[in-house]
Amino acid sequence: MSKKPSFPPRSSAEAFGLGLRQKCPRCGEGSLYKSFLKVRPRCESCDFDFSRQDSGDGPAPFLIFGIGGVVLFLALVVELAAQPPYWVHFSIWLPLVLLLFWLIAPRAKAVFIAMQYHNKSSDSGSAKYK
């Protein structure tokens with residue numbers, strides 16, 4: 001009989017780090033995504049089933065308030081300092097918002113999934129983890 005590998009429990013900081021690196025929260029090696037924000041059905045390394053792991057809309061408010069707050073602050077600073085026309089604001093801040101979302105959204109979703117696994121939570125309530 002083959003022995004299943006054991007996966008030691010991780011601290012919250014380690015789970016958070018795995019999320020930032022977009023790695024499997026169980027083994028820390030397999031990639032979490034197969035495309036942009038599309039989670040794999042199973043880990044390619046440890047065969048962990050990701051079907052119960054769903055961040056849902058959890059990262060959205062953090063992204064909205066985080067990115068929106070930073071961009072709003074920067075836009076106000078530029079407006080008060082230089083008072084550029086509105087088209088300049090639009091041409092600066094829209095690409096910045098899109099770039100920040102593109103960079104942060106996959107990591108935020110992965111952190112939510114990693115913390116869900118760490119806290120033994122799932123979208124079904126109280127799933128049993130093996």
# chains A, B, ... in the order shown; residues from 1 in each chain; ligands from 1
>>> residues_around(residues="A:Ser51", least_positions_apart="4", cutoff="9 Å", atoms="only C-alpha atoms", output="list in words")
Val39, Arg40, Pro41 and Arg42 of chain A
>>> residues_around(residues="A:Ile113", least_positions_apart="4", cutoff="8 Å", atoms="only C-alpha atoms", output="list in words")
Gly19, Pro25, Gln53, Asp54, Ser55, Lys109 and Tyr117 of chain A
>>> select_by_dssp(residues="chain A", states="strand (DSSP E)", output="PyMOL selection string")
chain A and resi 33-35+38-39
>>> atom_distance(atom1="atom CA of A:Gly66", atom2="atom CA of A:Pro84")
24.2 Å
>>> closest_residue(among="A:Ala110, A:Met115, A:Leu103, A:Leu74", to="A:Leu32", atoms="only C-alpha atoms")
A:Ala110
>>> residues_around(residues="stretch 56-60 of chain A", least_positions_apart="6", cutoff="12 Å", atoms="only C-alpha atoms", output="VMD selection string")
chain A and resid 37 to 39 66 to 68 101 104 to 113 115 to 116 122 to 124
>>> select_by_dssp(residues="stretch 23-106 of chain A", states="helix (DSSP H, G or I)", output="ChimeraX atom specification")
/A:59-82,86-106
>>> atom_distance(atom1="atom CA of A:Glu44", atom2="atom CA of A:Cys27")
10.2 Å
>>> residues_around(residues="stretch 87-96 of chain A", least_positions_apart="4", cutoff="9 Å", atoms="only C-alpha atoms", output="list in words")
Val71, Leu72, Leu74, Ala75, Val78, Glu79, Leu100 and Phe101 of chain A
>>> closest_residue(among="A:Phe65, A:Ser35, A:Cys24, A:Val70", to="A:Asp49", atoms="only C-alpha atoms")
A:Cys24
>>> atom_distance(atom1="atom CA of A:Trp102", atom2="atom CA of A:Phe36")
8.9 Å
>>> closest_residue(among="A:Ala114, A:Lys120, A:Leu63, A:Phe50", to="A:Lys23", atoms="only C-alpha atoms")
A:Ala114
